[in-house]
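Asker: Structure file start-v4.cif, mmCIF, C-alpha atoms, is pasted below:
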```
data_upload
#
loop_
_atom_site.label_atom_id
_atom_site.label_comp_id
_atom_site.auth_asym_id
_atom_site.auth_seq_id
_atom_site.Cartn_x
_atom_site.Cartn_y
_atom_site.Cartn_z
CA MET B 1 -40.62 9.64 -5.40
CA GLY B 2 -39.68 13.30 -5.57
CA LYS B 3 -37.31 15.14 -7.85
CA ILE B 4 -33.57 14.74 -7.28
CA GLN B 5 -31.64 17.98 -7.60
CA GLY B 6 -28.73 19.96 -6.21
CA VAL B 7 -25.01 19.50 -5.68
CA PHE B 8 -23.71 16.01 -4.89
CA PRO B 9 -19.93 15.55 -4.70
CA PRO B 10 -18.79 12.12 -5.93
CA LEU B 11 -17.21 11.32 -2.58
CA ILE B 12 -13.63 10.05 -2.46
CA THR B 13 -12.73 6.91 -0.52
CA VAL B 14 -9.85 7.40 1.92
CA PHE B 15 -7.58 4.47 2.78
CA ASN B 16 -5.28 3.50 5.62
CA GLU B 17 -1.73 2.27 5.04
CA ASP B 18 -2.94 -1.36 4.98
CA SER B 19 -5.54 -0.50 2.27
CA THR B 20 -8.47 -0.71 4.68
CA ILE B 21 -11.03 2.10 4.58
CA ASP B 22 -10.25 5.14 6.75
CA ILE B 23 -13.81 5.82 7.84
CA ASP B 24 -12.88 8.52 10.37
CA SER B 25 -11.29 10.63 7.62
CA ILE B 26 -14.32 10.09 5.39
CA LYS B 27 -16.63 11.29 8.16
CA LYS B 28 -14.48 14.39 8.63
CA HIS B 29 -14.69 15.06 4.90
CA ILE B 30 -18.47 14.65 4.89
CA ASP B 31 -18.84 17.12 7.78
CA PHE B 32 -16.76 19.63 5.82
CA LEU B 33 -18.98 19.20 2.76
CA ILE B 34 -22.16 19.58 4.79
CA GLU B 35 -20.82 22.77 6.35
CA LYS B 36 -20.20 24.15 2.85
CA GLY B 37 -23.79 23.53 1.80
CA VAL B 38 -23.90 20.46 -0.45
CA ASP B 39 -27.27 18.78 -0.91
CA GLY B 40 -25.87 15.29 -0.60
CA VAL B 41 -23.05 12.95 -1.48
CA ALA B 42 -22.74 10.37 -4.24
CA ILE B 43 -20.69 7.49 -2.87
CA LEU B 44 -19.11 4.55 -4.69
CA GLY B 45 -18.77 6.36 -7.98
CA THR B 46 -15.66 6.60 -10.12
CA THR B 47 -14.01 9.08 -7.75
CA GLY B 48 -14.97 6.75 -4.90
CA GLU B 49 -13.05 3.90 -6.56
CA PHE B 50 -15.98 1.49 -6.55
CA PHE B 51 -14.05 -0.75 -8.95
CA SER B 52 -11.41 -1.56 -6.30
CA LEU B 53 -13.76 -2.34 -3.41
CA SER B 54 -15.23 -5.65 -2.31
CA PHE B 55 -18.89 -6.20 -1.51
CA GLU B 56 -18.09 -6.14 2.22
CA GLU B 57 -16.17 -2.88 1.87
CA LYS B 58 -19.08 -1.30 0.00
CA LYS B 59 -21.48 -2.40 2.75
CA PHE B 60 -19.13 -0.98 5.37
CA LEU B 61 -19.08 2.39 3.61
CA VAL B 62 -22.85 2.53 3.11
CA GLU B 63 -23.65 1.62 6.71
CA ASN B 64 -21.16 4.02 8.25
CA ILE B 65 -21.98 6.93 5.97
CA LEU B 66 -25.73 6.59 6.46
CA ALA B 67 -25.25 6.40 10.23
CA HIS B 68 -23.02 9.46 10.18
CA THR B 69 -25.14 11.66 7.94
CA LYS B 70 -28.31 10.80 9.90
CA ASN B 71 -30.59 12.41 7.32
CA ARG B 72 -28.57 15.65 7.32
CA ILE B 73 -28.01 15.21 3.60
CA LYS B 74 -29.14 12.85 0.88
CA VAL B 75 -27.00 9.88 -0.16
CA ILE B 76 -26.76 8.48 -3.68
CA VAL B 77 -25.04 5.10 -3.98
CA GLY B 78 -23.15 3.93 -7.03
CA VAL B 79 -23.76 0.48 -8.48
CA GLY B 80 -21.17 -0.69 -10.97
CA GLU B 81 -20.37 -4.27 -11.89
CA THR B 82 -19.47 -6.31 -14.94
CA ASN B 83 -21.11 -9.27 -13.15
CA SER B 84 -24.89 -8.84 -13.01
CA SER B 85 -25.25 -11.22 -10.04
CA LYS B 86 -22.98 -8.96 -7.99
CA ALA B 87 -24.92 -5.89 -9.06
CA PHE B 88 -28.24 -7.50 -8.14
CA LYS B 89 -26.86 -8.64 -4.78
CA PHE B 90 -25.78 -5.11 -3.93
CA ILE B 91 -29.12 -3.67 -5.06
CA ASP B 92 -30.95 -6.19 -2.85
CA TYR B 93 -28.78 -5.12 0.08
CA LEU B 94 -29.60 -1.43 -0.54
CA GLU B 95 -33.36 -1.97 -0.74
CA ASP B 96 -34.07 -1.24 2.94
CA LYS B 97 -31.43 1.47 3.27
CA ASP B 98 -32.29 5.17 3.41
CA VAL B 99 -30.66 6.18 0.13
CA GLU B 100 -31.92 8.77 -2.32
CA ALA B 101 -31.04 6.89 -5.49
CA LEU B 102 -28.85 4.27 -7.10
CA LEU B 103 -26.38 5.62 -9.66
CA VAL B 104 -25.95 2.71 -12.05
CA ILE B 105 -23.24 2.45 -14.67
CA ASN B 106 -23.69 0.02 -17.55
CA PRO B 107 -21.62 -3.19 -17.67
CA TYR B 108 -18.24 -2.12 -19.03
CA PHE B 109 -15.16 -3.55 -20.81
CA VAL B 110 -17.41 -5.69 -23.03
CA VAL B 111 -19.66 -3.22 -24.84
CA TYR B 112 -23.25 -4.41 -25.36
CA ASP B 113 -25.76 -3.22 -27.93
CA GLU B 114 -28.60 -0.84 -27.20
CA ASP B 115 -31.33 -3.46 -26.79
CA THR B 116 -29.22 -5.30 -24.22
CA ILE B 117 -28.60 -2.10 -22.26
CA VAL B 118 -32.33 -1.29 -22.26
CA LYS B 119 -33.12 -4.76 -20.91
CA TYR B 120 -30.36 -4.54 -18.30
CA TYR B 121 -31.63 -1.25 -16.86
CA SER B 122 -35.22 -2.45 -16.97
CA GLU B 123 -34.14 -5.48 -14.94
CA ILE B 124 -32.32 -3.20 -12.48
CA CYS B 125 -35.41 -1.02 -12.08
CA SER B 126 -37.67 -4.01 -11.57
CA ARG B 127 -35.50 -5.22 -8.68
CA THR B 128 -35.73 -2.09 -6.54
CA SER B 129 -38.19 0.47 -5.28
CA LYS B 130 -35.40 3.06 -5.19
CA ASN B 131 -34.85 5.83 -7.69
CA VAL B 132 -32.39 4.77 -10.38
CA LEU B 133 -30.06 7.19 -12.14
CA ILE B 134 -28.19 6.24 -15.30
CA TYR B 135 -24.47 6.97 -15.10
CA ASN B 136 -23.36 7.88 -18.62
CA PHE B 137 -19.56 7.89 -18.84
CA PRO B 138 -18.76 6.65 -22.36
CA THR B 139 -15.04 7.45 -22.17
CA LEU B 140 -14.60 4.80 -19.48
CA SER B 141 -17.57 2.47 -19.96
CA GLY B 142 -17.44 2.21 -23.76
CA PHE B 143 -21.16 2.89 -24.22
CA ASP B 144 -22.79 6.26 -24.88
CA PHE B 145 -26.45 6.53 -23.94
CA THR B 146 -28.44 8.14 -26.74
CA TYR B 147 -31.65 10.07 -26.22
CA ASP B 148 -33.65 7.20 -27.71
CA VAL B 149 -32.12 4.61 -25.38
CA VAL B 150 -32.65 6.73 -22.27
CA ARG B 151 -36.21 7.56 -23.34
CA ARG B 152 -37.03 3.87 -23.82
CA ILE B 153 -35.70 2.97 -20.39
CA THR B 154 -37.30 5.95 -18.67
CA LEU B 155 -40.81 5.68 -20.07
CA ASN B 156 -40.98 1.95 -19.32
CA ASN B 157 -39.75 2.22 -15.72
CA ASN B 158 -41.39 4.56 -13.22
CA ASN B 159 -38.36 4.63 -10.93
CA LEU B 160 -35.85 5.59 -13.64
CA ALA B 161 -35.35 9.06 -12.22
CA GLY B 162 -32.57 10.65 -14.24
CA ILE B 163 -29.06 10.59 -15.63
CA LYS B 164 -25.57 11.80 -14.76
CA GLU B 165 -23.95 13.08 -17.94
CA THR B 166 -20.15 12.75 -17.97
CA VAL B 167 -19.84 13.86 -21.57
CA GLU B 168 -17.95 16.67 -23.29
CA ASP B 169 -20.70 17.57 -25.77
CA ILE B 170 -23.18 20.02 -24.26
CA LYS B 171 -25.65 19.15 -27.05
CA HIS B 172 -25.77 15.63 -25.60
CA ILE B 173 -27.01 17.10 -22.33
CA GLU B 174 -29.49 19.27 -24.19
CA LYS B 175 -31.01 16.19 -25.83
CA MET B 176 -31.37 14.41 -22.48
CA LEU B 177 -33.26 17.39 -21.10
CA LYS B 178 -35.96 16.81 -23.74
CA ILE B 179 -37.04 13.74 -21.78
CA LYS B 180 -38.56 16.18 -19.30
CA ASP B 181 -41.21 16.87 -21.94
CA GLU B 182 -42.63 13.44 -21.22
CA LYS B 183 -41.43 12.90 -17.64
CA LYS B 184 -41.25 16.23 -15.83
CA ASP B 185 -39.45 14.90 -12.74
CA PHE B 186 -36.60 13.43 -14.80
CA SER B 187 -33.30 14.80 -13.46
CA VAL B 188 -30.21 15.59 -15.50
CA PHE B 189 -26.90 16.08 -13.70
CA CYS B 190 -23.79 17.65 -15.21
CA ALA B 191 -20.29 16.36 -14.36
CA PHE B 192 -17.96 18.84 -16.03
CA GLU B 193 -17.34 22.20 -14.36
CA SER B 194 -16.64 23.94 -17.67
CA GLN B 195 -20.24 23.27 -18.79
CA ALA B 196 -21.88 24.66 -15.65
CA ILE B 197 -23.45 27.93 -16.79
CA GLU B 198 -24.50 26.70 -20.21
CA ALA B 199 -25.92 23.53 -18.65
CA LEU B 200 -27.84 25.53 -16.04
CA LYS B 201 -29.31 27.76 -18.75
CA LEU B 202 -30.48 24.63 -20.57
CA GLY B 203 -32.19 23.39 -17.41
CA VAL B 204 -29.96 20.82 -15.67
CA ASP B 205 -30.96 19.88 -12.16
CA GLY B 206 -27.57 19.89 -10.49
CA PHE B 207 -23.99 18.72 -10.44
CA ILE B 208 -22.04 15.60 -9.54
CA ASN B 209 -18.55 16.93 -10.20
CA ALA B 210 -15.27 15.97 -8.58
CA THR B 211 -13.95 19.42 -7.60
CA VAL B 212 -16.80 19.69 -5.08
CA ASN B 213 -14.75 17.30 -2.94
CA PHE B 214 -12.17 19.98 -2.20
CA ALA B 215 -13.82 23.24 -3.37
CA PRO B 216 -17.53 22.74 -2.63
CA GLU B 217 -18.33 26.44 -2.28
CA PHE B 218 -17.52 27.07 -5.94
CA THR B 219 -20.17 24.70 -7.29
CA VAL B 220 -22.65 25.27 -4.46
CA ASN B 221 -22.58 29.03 -5.03
CA THR B 222 -22.69 28.78 -8.83
CA TYR B 223 -25.84 26.68 -8.50
CA LYS B 224 -27.32 28.89 -5.78
CA TYR B 225 -26.73 32.25 -7.43
CA PHE B 226 -27.92 31.05 -10.82
CA ASN B 227 -31.21 29.95 -9.28
CA GLU B 228 -31.46 33.31 -7.50
CA GLY B 229 -30.90 35.16 -10.78
CA ASN B 230 -27.65 36.81 -9.71
CA GLU B 231 -25.63 36.75 -12.92
CA GLU B 232 -22.57 38.52 -11.51
CA LEU B 233 -22.01 36.10 -8.62
CA THR B 234 -22.90 33.12 -10.81
CA LYS B 235 -20.12 34.12 -13.20
CA GLU B 236 -17.68 34.75 -10.35
CA TYR B 237 -18.11 31.28 -8.87
CA PHE B 238 -18.31 29.62 -12.27
CA ASP B 239 -14.86 31.04 -13.06
CA LYS B 240 -13.61 29.58 -9.78
CA MET B 241 -15.10 26.19 -10.67
CA ASN B 242 -13.18 26.26 -13.94
CA SER B 243 -9.95 27.30 -12.24
CA ALA B 244 -10.29 24.41 -9.78
CA MET B 245 -10.24 21.99 -12.72
CA LYS B 246 -6.49 22.57 -13.07
CA VAL B 247 -6.07 20.12 -10.20
CA TYR B 248 -7.19 17.37 -12.56
CA THR B 249 -4.03 17.76 -14.65
CA TYR B 250 -1.76 16.34 -11.97
CA SER B 251 -2.84 12.71 -12.24
CA GLN B 252 -4.29 10.02 -14.45
CA PRO B 253 -6.93 9.14 -13.41
CA LEU B 254 -7.83 12.62 -12.17
CA LEU B 255 -9.32 11.22 -8.97
CA GLN B 256 -5.84 10.83 -7.42
CA ALA B 257 -5.15 14.57 -7.66
CA CYS B 258 -8.65 15.31 -6.40
CA LYS B 259 -7.96 13.15 -3.35
CA GLN B 260 -4.66 14.90 -2.70
CA ALA B 261 -6.47 18.25 -2.72
CA VAL B 262 -8.81 16.89 -0.03
CA TYR B 263 -5.83 15.72 2.01
CA PHE B 264 -4.35 19.21 1.88
CA ARG B 265 -7.47 21.25 2.52
CA VAL B 266 -9.73 19.04 4.64
CA LEU B 267 -7.73 16.29 6.33
CA LYS B 268 -4.54 18.34 6.80
CA GLU B 269 -2.37 15.26 6.32
CA ASP B 270 -1.33 12.88 3.58
CA LYS B 271 -3.18 9.62 3.26
CA TYR B 272 -2.55 6.33 1.51
CA GLU B 273 -3.68 4.88 -1.80
CA LYS B 274 -4.87 1.41 -2.69
CA LEU B 275 -3.14 -0.37 -5.55
CA PRO B 276 -3.07 0.03 -8.46
CA ALA B 277 -3.20 3.71 -7.46
CA TYR B 278 -0.16 5.55 -6.14
CA SER B 279 0.29 8.87 -4.38
CA LEU B 280 1.35 11.90 -6.39
CA SER B 281 5.05 12.73 -6.62
CA GLU B 282 6.37 15.36 -4.23
CA GLU B 283 6.84 17.71 -7.16
CA LYS B 284 3.20 17.39 -8.21
CA LYS B 285 2.00 17.71 -4.64
CA LYS B 286 3.87 20.99 -4.32
CA ALA B 287 2.41 22.35 -7.57
CA LEU B 288 -1.09 21.27 -6.59
CA LYS B 289 -0.74 22.89 -3.18
CA ASN B 290 0.31 26.15 -4.81
CA ASP B 291 -2.77 26.04 -7.03
CA LEU B 292 -5.03 25.62 -4.00
CA LYS B 293 -3.39 28.66 -2.44
CA LYS B 294 -4.03 30.65 -5.62
CA LEU B 295 -7.69 29.67 -5.35
CA ASN B 296 -7.69 31.03 -1.76
CA ILE B 297 -8.91 27.76 -0.31
CA LEU B 298 -5.70 26.81 1.47
#
```
Could you spell out this file's structure in structure tokens?

Answerer:
Amino acid sequence: MGKIQGVFPPLITVFNEDSTIDIDSIKKHIDFLIEKGVDGVAILGTTGEFFSLSFEEKKFLVENILAHTKNRIKVIVGVGETNSSKAFKFIDYLEDKDVEALLVINPYFVVYDEDTIVKYYSEICSRTSKNVLIYNFPTLSGFDFTYDVVRRITLNNNNLAGIKETVEDIKHIEKMLKIKDEKKDFSVFCAFESQAIEALKLGVDGFINATVNFAPEFTVNTYKYFNEGNEELTKEYFDKMNSAMKVYTYSQPLLQACKQAVYFRVLKEDKYEKLPAYSLSEEKKKALKNDLKKLNIL
């Protein structure tokens, strides 16, 4: 199916005042990201607020984004449900769509044991011809994929293509990379900017990190210059990636501050949030804006 690699921002979802999806703003954002050199977008992830969208809203996003990108970039689609029937329904819908991979998070809130998780992902893989990526985010999902679990799923399913690692321990990423010993096209993606250089040296295949939404050139150039062997420029852009992470401190969850940064830099106007999310306070907006100016991206 081909190796998946590169920089894929976990695309934000922009809303209108009535909580409907602002697709025109999303298209404008995508064009900005393409211009800055991303390899694709990962939609309906955590930053895309998949958990607050209906099946019809997800379909609306997929159809409009695929039509807009028109094969200019690759599209990864997030699949996350606590209800397996809903997950399977969405996977069935995606089967004839031109998507690069499905980024699948484990059922969350109720934490299942390892054997159950292995069976769940094997069932997912059996229901699609698409590449499947595991989305490992133990802080939010309650389950941490071990090397043994990922190896079991991967070696028993040809279309299990890789993993997104949203973990603080770089050694966890290092262990996942050992799966390449048995499946060379297995892809490992890093989510945390602060791990970028060390992760690249270990052999990760790319990044799905939130700051790419508003500062794509930092991650794109870190990835590019590392692969070109330019240590000086790699370090320069890596430092900028790390500095951009300060934006995360202005909200909980961090995606709200990330969205505000996009509003400032890309959309040039404030947008609306869908409950239970709220916009940042004016004080935090001002501080965030000042940080973007310090980064020379505003």

Asker: Using only C-alpha atoms, which of B:Lys293, B:Lys235, B:Ser141, B:Ala244 sits nearest Phe192 (chain B)?

Answerer: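 The shortest atom-to-atom distance to Phe192 (chain B) comes from B:Ala244.
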
Asker: Interatomic distance between CA of Leu11 (chain B) and CA of Asn230 (chain B)?

Answerer: 28.5 Å

Asker: Tell me which residues the PyMOL selection byres ((chain B and resi 55) around 12) grabs here, as a PyMOL selection string.

Answerer: chain B and resi 44+50-54+56-62+79-81+85-91+93-94

Asker: Write the residues of the preceding selection, restricted to C-alpha atoms, as a tab-separated table (two decimals), keeping the file's coordinate frame.

Answerer:
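Result file follows (result_2.tsv):
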```
chain	number	residue	atom	x	y	z
B	44	LEU	CA	-19.11	4.55	-4.69
B	50	PHE	CA	-15.98	1.49	-6.55
B	51	PHE	CA	-14.05	-0.75	-8.95
B	52	SER	CA	-11.41	-1.56	-6.30
B	53	LEU	CA	-13.76	-2.34	-3.41
B	54	SER	CA	-15.23	-5.65	-2.31
B	56	GLU	CA	-18.09	-6.14	2.22
B	57	GLU	CA	-16.17	-2.88	1.87
B	58	LYS	CA	-19.08	-1.30	0.00
B	59	LYS	CA	-21.48	-2.40	2.75
B	60	PHE	CA	-19.13	-0.98	5.37
B	61	LEU	CA	-19.08	2.39	3.61
B	62	VAL	CA	-22.85	2.53	3.11
B	79	VAL	CA	-23.76	0.48	-8.48
B	80	GLY	CA	-21.17	-0.69	-10.97
B	81	GLU	CA	-20.37	-4.27	-11.89
B	85	SER	CA	-25.25	-11.22	-10.04
B	86	LYS	CA	-22.98	-8.96	-7.99
B	87	ALA	CA	-24.92	-5.89	-9.06
B	88	PHE	CA	-28.24	-7.50	-8.14
B	89	LYS	CA	-26.86	-8.64	-4.78
B	90	PHE	CA	-25.78	-5.11	-3.93
B	91	ILE	CA	-29.12	-3.67	-5.06
B	93	TYR	CA	-28.78	-5.12	0.08
B	94	LEU	CA	-29.60	-1.43	-0.54
```

Asker: Got a sec: who's within 9 Å of Gln5 (chain B), counting all atoms listed in the file, leaving out chain neighbours fewer than 6 positions off, as a list in words?

Answerer: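 Surrounding residues, per the criterion: Asp39, Ser187, Val188, Phe189, Val204, Asp205, Gly206 and Phe207 of chain B.
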
Asker: If you apply the PyMOL selection byres ((chain B and resi 175) around 12) to this file, what residues do you get, as an MDAnalysis selection string?

Answerer: chainID B and resid 145:151 163 165 169:174 176:181 188 199 202:204

Asker: Just so the selection is clear, what residues does the PyMOL selection byres ((chain B and resi 166) around 6) cover here, as a list in words?

Answerer: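 Output from the PyMOL selection byres ((chain B and resi 166) around 6), applied to this file: Asn136, Phe137, Glu165, Val167 and Ala191 of chain B.
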
Asker: Show me, as JSON, the centre and edge lengths in Å to one decimal of the axis-aligned box that covers every listed atom of region 120-134 of chain B with 5 Å on each side.

Answerer:
```
{"center_x": -33.2, "center_y": 0.9, "center_z": -11.7, "size_x": 20.0, "size_y": 22.7, "size_z": 23.1}
```

Asker: Rank nothing, just name the residue among B:Ser25, B:Asn242, B:Asn158, B:Asn71 nearest to Gln195 (chain B), using all atoms listed in the file.

Answerer: B:Asn242

Asker: Taking all atoms listed in the file into account, name the residue in B:Tyr263, B:Ala101, B:Ile153, B:Ile4 that is nearest to Thr116 (chain B).

Answerer: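 With all atoms listed in the file as the atom set, the closest residue is B:Ile153.
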
Asker: For Glu236 (chain B), please output as a PyMOL selection string all residues within 12 Å (counting only C-alpha atoms; exclusion window: fewer than 6 positions along the same chain).

Answerer: chain B and resi 197+217-219+221-223+225-226+230+242-243

Asker: Have a look at CA of Gln260 (chain B) and CA of Leu280 (chain B) and let me know their distance in Å, one decimal.

Answerer: 7.7 Å

Asker: Could you tell me how far CA of Ile65 (chain B) lies from CA of Cys258 (chain B), in Å and to one decimal?

Answerer: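 The value is 20.0 Å.
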
Asker: Which polymer residues have any atom within 9 Å of an atom of Lys284 (chain B), counting all atoms listed in the file, with same-chain residues fewer than 5 positions away left out, as a PyMOL selection string?

Answerer: chain B and resi 250-251+257+289

Asker: Please identify all polymer residues within 10 Å of Gly48 (chain B), counting all atoms listed in the file, omitting same-chain residues fewer than 4 positions from it, and present them as a list of chain:residue names.

Answerer: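 Non-adjacent residues within range: B:Pro10, B:Leu11, B:Ile12, B:Thr13, B:Val14, B:Ala42, B:Ile43, B:Leu44, B:Ser52, B:Leu53, B:Gly78, B:Ala210, B:Leu255, B:Lys259.
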
Asker: From the list B:Val104, B:Ile30, B:Ile297, B:Ile124, which residue is nearest Gly162 (chain B) when using all atoms listed in the file?

Answerer: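 Using all atoms listed in the file, Gly162 (chain B) sits closest to B:Val104.
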
Asker: Which is closest to Phe214 (chain B) among B:Leu155, B:Leu33, B:Cys125, B:Leu233, if we use only C-alpha atoms?

Answerer: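 Checking each candidate against Phe214 (chain B), we get B:Leu33 as the closest.
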
Asker: Select, counting only C-alpha atoms, all protein, DNA and RNA residues no farther than 12 Å from (-41.0, 0.8, -15.3) in file coordinates, and express the selection as a PDB file with C-alpha atoms, keeping the file's coordinate frame.

Answerer:
```pdb
ATOM      1  CA  VAL B 118     -32.330  -1.290 -22.260  1.00  0.00           C
ATOM      2  CA  LYS B 119     -33.120  -4.760 -20.910  1.00  0.00           C
ATOM      3  CA  TYR B 121     -31.630  -1.250 -16.860  1.00  0.00           C
ATOM      4  CA  SER B 122     -35.220  -2.450 -16.970  1.00  0.00           C
ATOM      5  CA  GLU B 123     -34.140  -5.480 -14.940  1.00  0.00           C
ATOM      6  CA  ILE B 124     -32.320  -3.200 -12.480  1.00  0.00           C
ATOM      7  CA  CYS B 125     -35.410  -1.020 -12.080  1.00  0.00           C
ATOM      8  CA  SER B 126     -37.670  -4.010 -11.570  1.00  0.00           C
ATOM      9  CA  ARG B 127     -35.500  -5.220  -8.680  1.00  0.00           C
ATOM     10  CA  THR B 128     -35.730  -2.090  -6.540  1.00  0.00           C
ATOM     11  CA  SER B 129     -38.190   0.470  -5.280  1.00  0.00           C
ATOM     12  CA  LYS B 130     -35.400   3.060  -5.190  1.00  0.00           C
ATOM     13  CA  ASN B 131     -34.850   5.830  -7.690  1.00  0.00           C
ATOM     14  CA  VAL B 132     -32.390   4.770 -10.380  1.00  0.00           C
ATOM     15  CA  ARG B 151     -36.210   7.560 -23.340  1.00  0.00           C
ATOM     16  CA  ARG B 152     -37.030   3.870 -23.820  1.00  0.00           C
ATOM     17  CA  ILE B 153     -35.700   2.970 -20.390  1.00  0.00           C
ATOM     18  CA  THR B 154     -37.300   5.950 -18.670  1.00  0.00           C
ATOM     19  CA  LEU B 155     -40.810   5.680 -20.070  1.00  0.00           C
ATOM     20  CA  ASN B 156     -40.980   1.950 -19.320  1.00  0.00           C
ATOM     21  CA  ASN B 157     -39.750   2.220 -15.720  1.00  0.00           C
ATOM     22  CA  ASN B 158     -41.390   4.560 -13.220  1.00  0.00           C
ATOM     23  CA  ASN B 159     -38.360   4.630 -10.930  1.00  0.00           C
ATOM     24  CA  LEU B 160     -35.850   5.590 -13.640  1.00  0.00           C
ATOM     25  CA  ALA B 161     -35.350   9.060 -12.220  1.00  0.00           C
TER      26      ALA B 161
END
```

Asker: Within 12 Å of (-16.8, 13.0, 9.7) (coordinates as in the file), grab all the protein and nucleic acid residues, counting only C-alpha atoms, and write them out as a list in words.

Answerer: Val14, Asp22, Ile23, Asp24, Ser25, Ile26, Lys27, Lys28, His29, Ile30, Asp31, Phe32, Leu33, Ile34, Glu35, Asn64, Ile65, Leu66, Ala67, His68, Thr69, Lys70, Val266 and Leu267 of chain B

Asker: Determine the nearest neighbour of Gly45 (chain B) from the options B:Tyr120, B:Phe15, B:Tyr108, B:Tyr135, counting all atoms listed in the file.

Answerer: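 Closest to Gly45 (chain B), using all atoms listed in the file: B:Tyr135.
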
Asker: Mind checking which residues fall within 7 Å of Asn213 (chain B), counting only C-alpha atoms, ignoring those fewer than 2 positions away in the same chain, and posting them as a VMD selection string?

Answerer: chain B and resid 9 11 210 to 211 215 to 216 262
